[in-house]
>>> print(open('structure04.txt').read())   # compact mmCIF, C-alpha atoms
# COMPACT_ATOMS: atom_id res chain seq x y z
CA MET A 1 37.76 138.09 -48.07
CA PHE A 2 34.25 138.61 -49.42
CA LEU A 3 30.75 138.17 -48.06
CA VAL A 4 28.17 135.64 -49.21
CA GLY A 5 24.55 136.09 -48.15
CA LEU A 6 22.57 132.89 -47.67
CA THR A 7 18.81 132.78 -47.27
CA GLY A 8 15.81 130.54 -47.82
CA GLY A 9 12.19 130.20 -46.83
CA ILE A 10 10.22 128.49 -44.12
CA ALA A 11 10.82 124.70 -44.31
CA SER A 12 13.14 125.02 -47.31
CA GLY A 13 15.93 123.31 -45.36
CA LYS A 14 18.24 126.30 -44.94
CA SER A 15 19.58 125.08 -41.60
CA THR A 16 20.51 121.74 -43.14
CA VAL A 17 22.41 123.48 -45.94
CA VAL A 18 24.19 125.73 -43.43
CA ALA A 19 25.25 122.62 -41.51
CA VAL A 20 26.80 121.21 -44.68
CA PHE A 21 28.76 124.41 -45.29
CA ARG A 22 30.02 124.26 -41.71
CA GLU A 23 31.09 120.65 -42.29
CA LEU A 24 33.08 121.87 -45.28
CA GLY A 25 34.94 124.28 -43.01
CA CYS A 26 33.16 127.46 -44.02
CA ALA A 27 32.87 130.46 -41.74
CA VAL A 28 29.19 131.13 -41.05
CA ILE A 29 27.66 134.06 -39.19
CA ASP A 30 24.07 133.38 -38.09
CA ALA A 31 22.02 136.59 -37.95
CA ASP A 32 19.28 134.92 -35.89
CA VAL A 33 21.76 133.81 -33.23
CA ILE A 34 23.19 137.33 -33.02
CA ALA A 35 19.69 138.81 -32.83
CA ARG A 36 18.99 136.64 -29.79
CA GLN A 37 22.33 137.52 -28.21
CA VAL A 38 22.01 141.30 -28.40
CA VAL A 39 18.77 141.39 -26.38
CA ARG A 40 20.29 139.61 -23.39
CA PRO A 41 20.77 141.60 -20.16
CA ARG A 42 24.49 142.20 -20.67
CA PHE A 43 23.91 144.09 -23.92
CA SER A 44 22.98 147.79 -24.10
CA ALA A 45 19.98 147.05 -26.33
CA TYR A 46 18.36 145.16 -23.44
CA GLN A 47 18.08 148.24 -21.25
CA ARG A 48 16.61 150.33 -24.05
CA ILE A 49 14.05 147.66 -24.94
CA VAL A 50 12.90 147.36 -21.33
CA HIS A 51 12.74 151.15 -21.06
CA TYR A 52 10.52 151.57 -24.12
CA PHE A 53 8.41 148.40 -23.89
CA GLY A 54 8.09 148.09 -20.12
CA PRO A 55 8.96 145.36 -17.57
CA GLU A 56 5.89 143.33 -18.56
CA ILE A 57 7.89 141.89 -21.45
CA LEU A 58 10.33 140.23 -19.03
CA LEU A 59 10.33 136.66 -17.81
CA GLU A 60 10.87 135.87 -14.13
CA SER A 61 14.51 135.17 -14.98
CA GLY A 62 14.93 138.73 -16.22
CA GLU A 63 15.30 137.62 -19.84
CA ILE A 64 13.10 139.21 -22.48
CA ASN A 65 9.98 137.20 -23.26
CA ARG A 66 10.31 136.95 -27.04
CA GLU A 67 6.71 135.81 -27.46
CA ALA A 68 5.35 138.78 -25.51
CA LEU A 69 7.54 141.21 -27.38
CA GLY A 70 6.63 139.58 -30.67
CA GLY A 71 2.94 139.99 -29.89
CA ILE A 72 3.44 143.73 -29.44
CA ILE A 73 5.43 144.38 -32.59
CA PHE A 74 3.23 142.13 -34.72
CA SER A 75 0.16 144.27 -34.10
CA GLN A 76 1.91 147.66 -33.96
CA PRO A 77 4.20 148.49 -36.92
CA GLU A 78 5.56 151.60 -35.21
CA LYS A 79 6.70 149.45 -32.28
CA ARG A 80 8.37 147.06 -34.70
CA GLN A 81 10.26 149.97 -36.25
CA LEU A 82 11.31 151.12 -32.79
CA LEU A 83 12.60 147.67 -31.90
CA ASN A 84 14.51 147.46 -35.17
CA SER A 85 16.09 150.86 -34.54
CA ILE A 86 17.36 149.54 -31.19
CA THR A 87 18.53 146.08 -32.22
CA HIS A 88 19.82 146.50 -35.76
CA PRO A 89 22.84 148.69 -34.85
CA GLU A 90 23.82 146.18 -32.16
CA ILE A 91 23.40 143.27 -34.57
CA GLN A 92 25.57 145.04 -37.13
CA LYS A 93 28.28 145.73 -34.55
CA GLU A 94 28.43 142.06 -33.57
CA MET A 95 28.46 140.99 -37.20
CA LEU A 96 31.33 143.40 -37.82
CA LYS A 97 33.32 141.85 -34.97
CA GLN A 98 32.85 138.37 -36.38
CA ILE A 99 33.64 139.46 -39.94
CA ALA A 100 36.86 141.08 -38.73
CA LYS A 101 37.77 137.89 -36.83
CA TYR A 102 37.37 135.72 -39.91
CA PHE A 103 39.29 138.24 -42.01
CA VAL A 104 42.25 138.05 -39.65
CA LEU A 105 42.06 134.25 -39.67
CA GLY A 106 42.48 134.31 -43.44
CA TYR A 107 39.14 132.98 -44.68
CA ARG A 108 38.50 133.63 -48.35
CA TYR A 109 34.81 134.20 -47.81
CA VAL A 110 32.25 134.34 -45.01
CA ILE A 111 28.63 133.20 -45.22
CA LEU A 112 26.06 135.44 -43.57
CA ASP A 113 22.97 133.37 -42.77
CA ILE A 114 20.18 135.96 -43.01
CA PRO A 115 16.59 134.64 -43.19
CA LEU A 116 15.10 137.93 -44.49
CA LEU A 117 17.98 138.91 -46.74
CA PHE A 118 15.80 139.79 -49.73
CA GLU A 119 12.81 141.01 -47.74
CA THR A 120 14.71 143.70 -45.85
CA ASN A 121 17.13 144.37 -48.74
CA THR A 122 19.49 146.38 -46.53
CA LEU A 123 22.52 144.09 -46.60
CA THR A 124 22.37 142.70 -50.13
CA LYS A 125 24.58 145.51 -51.45
CA PHE A 126 27.40 144.29 -49.22
CA MET A 127 27.24 140.71 -50.55
CA LYS A 128 29.54 139.63 -53.34
CA HIS A 129 27.31 136.59 -53.87
CA THR A 130 23.86 135.56 -52.66
CA ILE A 131 22.62 131.98 -52.23
CA LEU A 132 19.04 130.81 -52.01
CA VAL A 133 18.13 127.46 -50.48
CA TYR A 134 15.17 126.46 -52.63
CA CYS A 135 12.62 123.67 -52.66
CA ASP A 136 9.52 123.25 -54.78
CA PRO A 137 6.18 124.48 -53.32
CA GLN A 138 4.76 121.00 -52.77
CA THR A 139 7.83 119.86 -50.85
CA GLN A 140 7.86 123.07 -48.79
CA LEU A 141 4.21 122.63 -47.83
CA PHE A 142 4.64 118.97 -46.92
CA ARG A 143 7.75 119.60 -44.83
CA LEU A 144 6.12 122.44 -42.92
CA MET A 145 3.01 120.40 -42.15
CA GLN A 146 5.12 117.47 -40.96
CA ARG A 147 7.59 119.55 -38.98
CA ASN A 148 5.12 121.80 -37.17
CA GLY A 149 2.08 119.54 -37.08
CA LEU A 150 0.00 122.04 -39.04
CA SER A 151 -3.05 121.60 -41.18
CA GLN A 152 -2.71 122.37 -44.86
CA ALA A 153 -4.53 125.69 -44.45
CA GLU A 154 -2.30 126.71 -41.53
CA ALA A 155 0.87 125.81 -43.41
CA GLU A 156 -0.26 127.62 -46.54
CA ALA A 157 -0.97 130.75 -44.49
CA ARG A 158 2.54 130.75 -43.02
CA ILE A 159 4.14 130.25 -46.42
CA ALA A 160 2.00 133.03 -47.90
CA ALA A 161 3.29 135.44 -45.22
CA GLN A 162 6.77 135.25 -46.76
CA LEU A 163 8.19 136.32 -50.10
CA PRO A 164 7.68 133.27 -52.36
CA LEU A 165 10.75 131.15 -53.01
CA ASP A 166 10.20 131.51 -56.76
CA GLU A 167 10.50 135.28 -56.36
CA LYS A 168 13.63 134.94 -54.24
CA ARG A 169 15.05 132.63 -56.88
CA LYS A 170 15.05 135.52 -59.36
CA LEU A 171 17.06 137.66 -56.93
CA ALA A 172 19.74 135.11 -55.97
CA ASP A 173 23.10 134.65 -57.67
CA HIS A 174 23.18 130.95 -56.80
CA VAL A 175 20.45 128.44 -56.00
CA ILE A 176 20.81 125.21 -54.03
CA ASP A 177 17.80 123.03 -54.80
CA ASN A 178 16.91 121.17 -51.62
CA SER A 179 13.82 119.43 -53.02
CA GLY A 180 15.54 116.06 -53.18
CA ASP A 181 17.69 113.99 -50.84
CA ARG A 182 20.49 115.24 -48.62
CA GLU A 183 23.30 113.86 -50.81
CA SER A 184 22.03 115.76 -53.84
CA MET A 185 21.94 118.96 -51.80
CA ARG A 186 25.38 118.27 -50.36
CA GLN A 187 26.91 117.86 -53.81
CA GLN A 188 25.46 121.19 -54.89
CA ALA A 189 26.86 122.88 -51.78
CA LEU A 190 30.28 121.28 -52.32
CA LYS A 191 30.38 122.41 -55.95
CA LEU A 192 29.47 125.97 -54.99
CA HIS A 193 31.95 126.03 -52.10
CA THR A 194 34.73 124.92 -54.45
CA ALA A 195 33.83 127.63 -56.96
CA LEU A 196 33.81 130.33 -54.28
CA GLU A 197 37.11 129.13 -52.82
CA ASP A 198 38.73 129.09 -56.27
CA SER A 199 37.46 132.52 -57.29
CA LEU A 200 39.74 135.55 -57.17
CA ASP A 201 37.14 137.71 -55.46
CA PHE A 202 38.98 137.39 -52.14
CA LEU A 203 42.18 138.75 -53.71
CA TRP A 204 40.55 141.95 -54.89
CA ALA A 205 38.99 142.41 -51.47
CA ARG A 206 42.35 142.03 -49.74
CA LEU A 207 43.98 144.51 -52.11
CA ALA A 208 41.21 146.96 -51.31
CA VAL A 209 41.86 146.46 -47.59
CA VAL A 210 45.55 147.22 -48.00
CA ALA A 211 44.74 150.39 -49.92
CA ALA A 212 42.16 151.44 -47.35
CA VAL A 213 44.43 150.80 -44.38
CA THR A 214 47.20 152.78 -46.03
CA SER A 215 45.07 155.76 -46.95
CA LEU A 216 42.60 155.84 -44.06
CA GLY A 217 44.77 154.54 -41.26
CA GLY A 218 42.69 151.69 -39.92
CA LEU A 219 41.24 148.30 -40.78
CA ALA A 220 38.23 148.83 -38.51
CA TYR A 221 37.21 151.95 -40.41
CA PHE A 222 37.48 150.13 -43.73
CA LEU A 223 35.41 147.18 -42.54
CA LEU A 224 32.77 149.47 -41.11
CA ARG A 225 32.42 151.37 -44.38
CA GLN A 226 32.57 148.30 -46.61
CA PHE A 227 30.29 145.95 -44.76
CA LEU A 228 28.02 147.82 -42.38
CA SER A 229 27.65 151.49 -43.29
>>> encode(input="structure04.txt", output="structure tokens")
Amino acid sequence: MFLVGLTGGIASGKSTVVAVFRELGCAVIDADVIARQVVRPRFSAYQRIVHYFGPEILLESGEINREALGGIIFSQPEKRQLLNSITHPEIQKEMLKQIAKYFVLGYRYVILDIPLLFETNTLTKFMKHTILVYCDPQTQLFRLMQRNGLSQAEAEARIAAQLPLDEKRKLADHVIDNSGDRESMRQQALKLHTALEDSLDFLWARLAVVAAVTSLGGLAYFLLRQFLS
């Protein structure tokens, strides 16, 4: 089994592409979903966040107020680094669990849906392939204005806050152009899925696992070193 990193940009249609891959039977791990999970009360990260950021970031329900926390880390980079140091290990542990599950189930590859894959650049080295969901700048601007009810200036400011899609395009191994209609995008996703399924990359990965288990005495240790060290 090998890992495929999938990313995009605001209003590029990444979620729609991910839905198509799921329809095709692909295993998808959503980093955003995991990030929301690990800050819930039953996770250890929750207690540490409350300890360092104070009870004022909590809602009446006891859940973390993401908007309040976001306001703090947006204006204070050192607080953002602190939050990342708390949450990232927990996110990686949960990703590891899901990767191991899909490995045991026999999937040839797993898609990791990571919005800031190229911006953070910490997980790209673990990806056998990377996919960018792309759309042209005019389409991106129009979609964002329509979706969020923003003025042109507001939408342009949000787009400018991210790494441009044209820059990400240079970094990606594969590009799915989502500028057109859904059927065009779906055909591109299907073609790429077929190519990934037919590749022999999964075979080399499984041989490496066998060698690692034999020499190191444990699949968990191998997965930890390969995917999340």
>>> residues_around(input="structure04.txt", residues="stretch 60-63 of chain A", least_positions_apart="3", cutoff="12 Å", atoms="all atoms listed in the file", output="MDAnalysis selection string")
chainID A and resid 36:43 46:47 49:50 55:57 66:69
>>> closest_residue(input="structure04.txt", among="A:Arg186, A:Arg108, A:Arg169, A:Arg143", to="A:Leu200", atoms="only C-alpha atoms")
A:Arg108
>>> residues_near_point(input="structure04.txt", point="(26.7, 133.3, -42.4)", cutoff="9 Å", atoms="only C-alpha atoms", output="list in words")
Leu3, Val4, Gly5, Leu6, Val18, Cys26, Ala27, Val28, Ile29, Asp30, Ala31, Val110, Ile111, Leu112, Asp113 and Ile114 of chain A
>>> atom_distance(input="structure04.txt", atom1="atom CA of A:Asn65", atom2="atom CA of A:Val33")
15.8 Å
>>> closest_residue(input="structure04.txt", among="A:Gly25, A:Gly71, A:Gly13, A:Gly54", to="A:Gly180", atoms="only C-alpha atoms")
A:Gly13
>>> atom_distance(input="structure04.txt", atom1="atom CA of A:Ser15", atom2="atom CA of A:Gln81")
27.1 Å
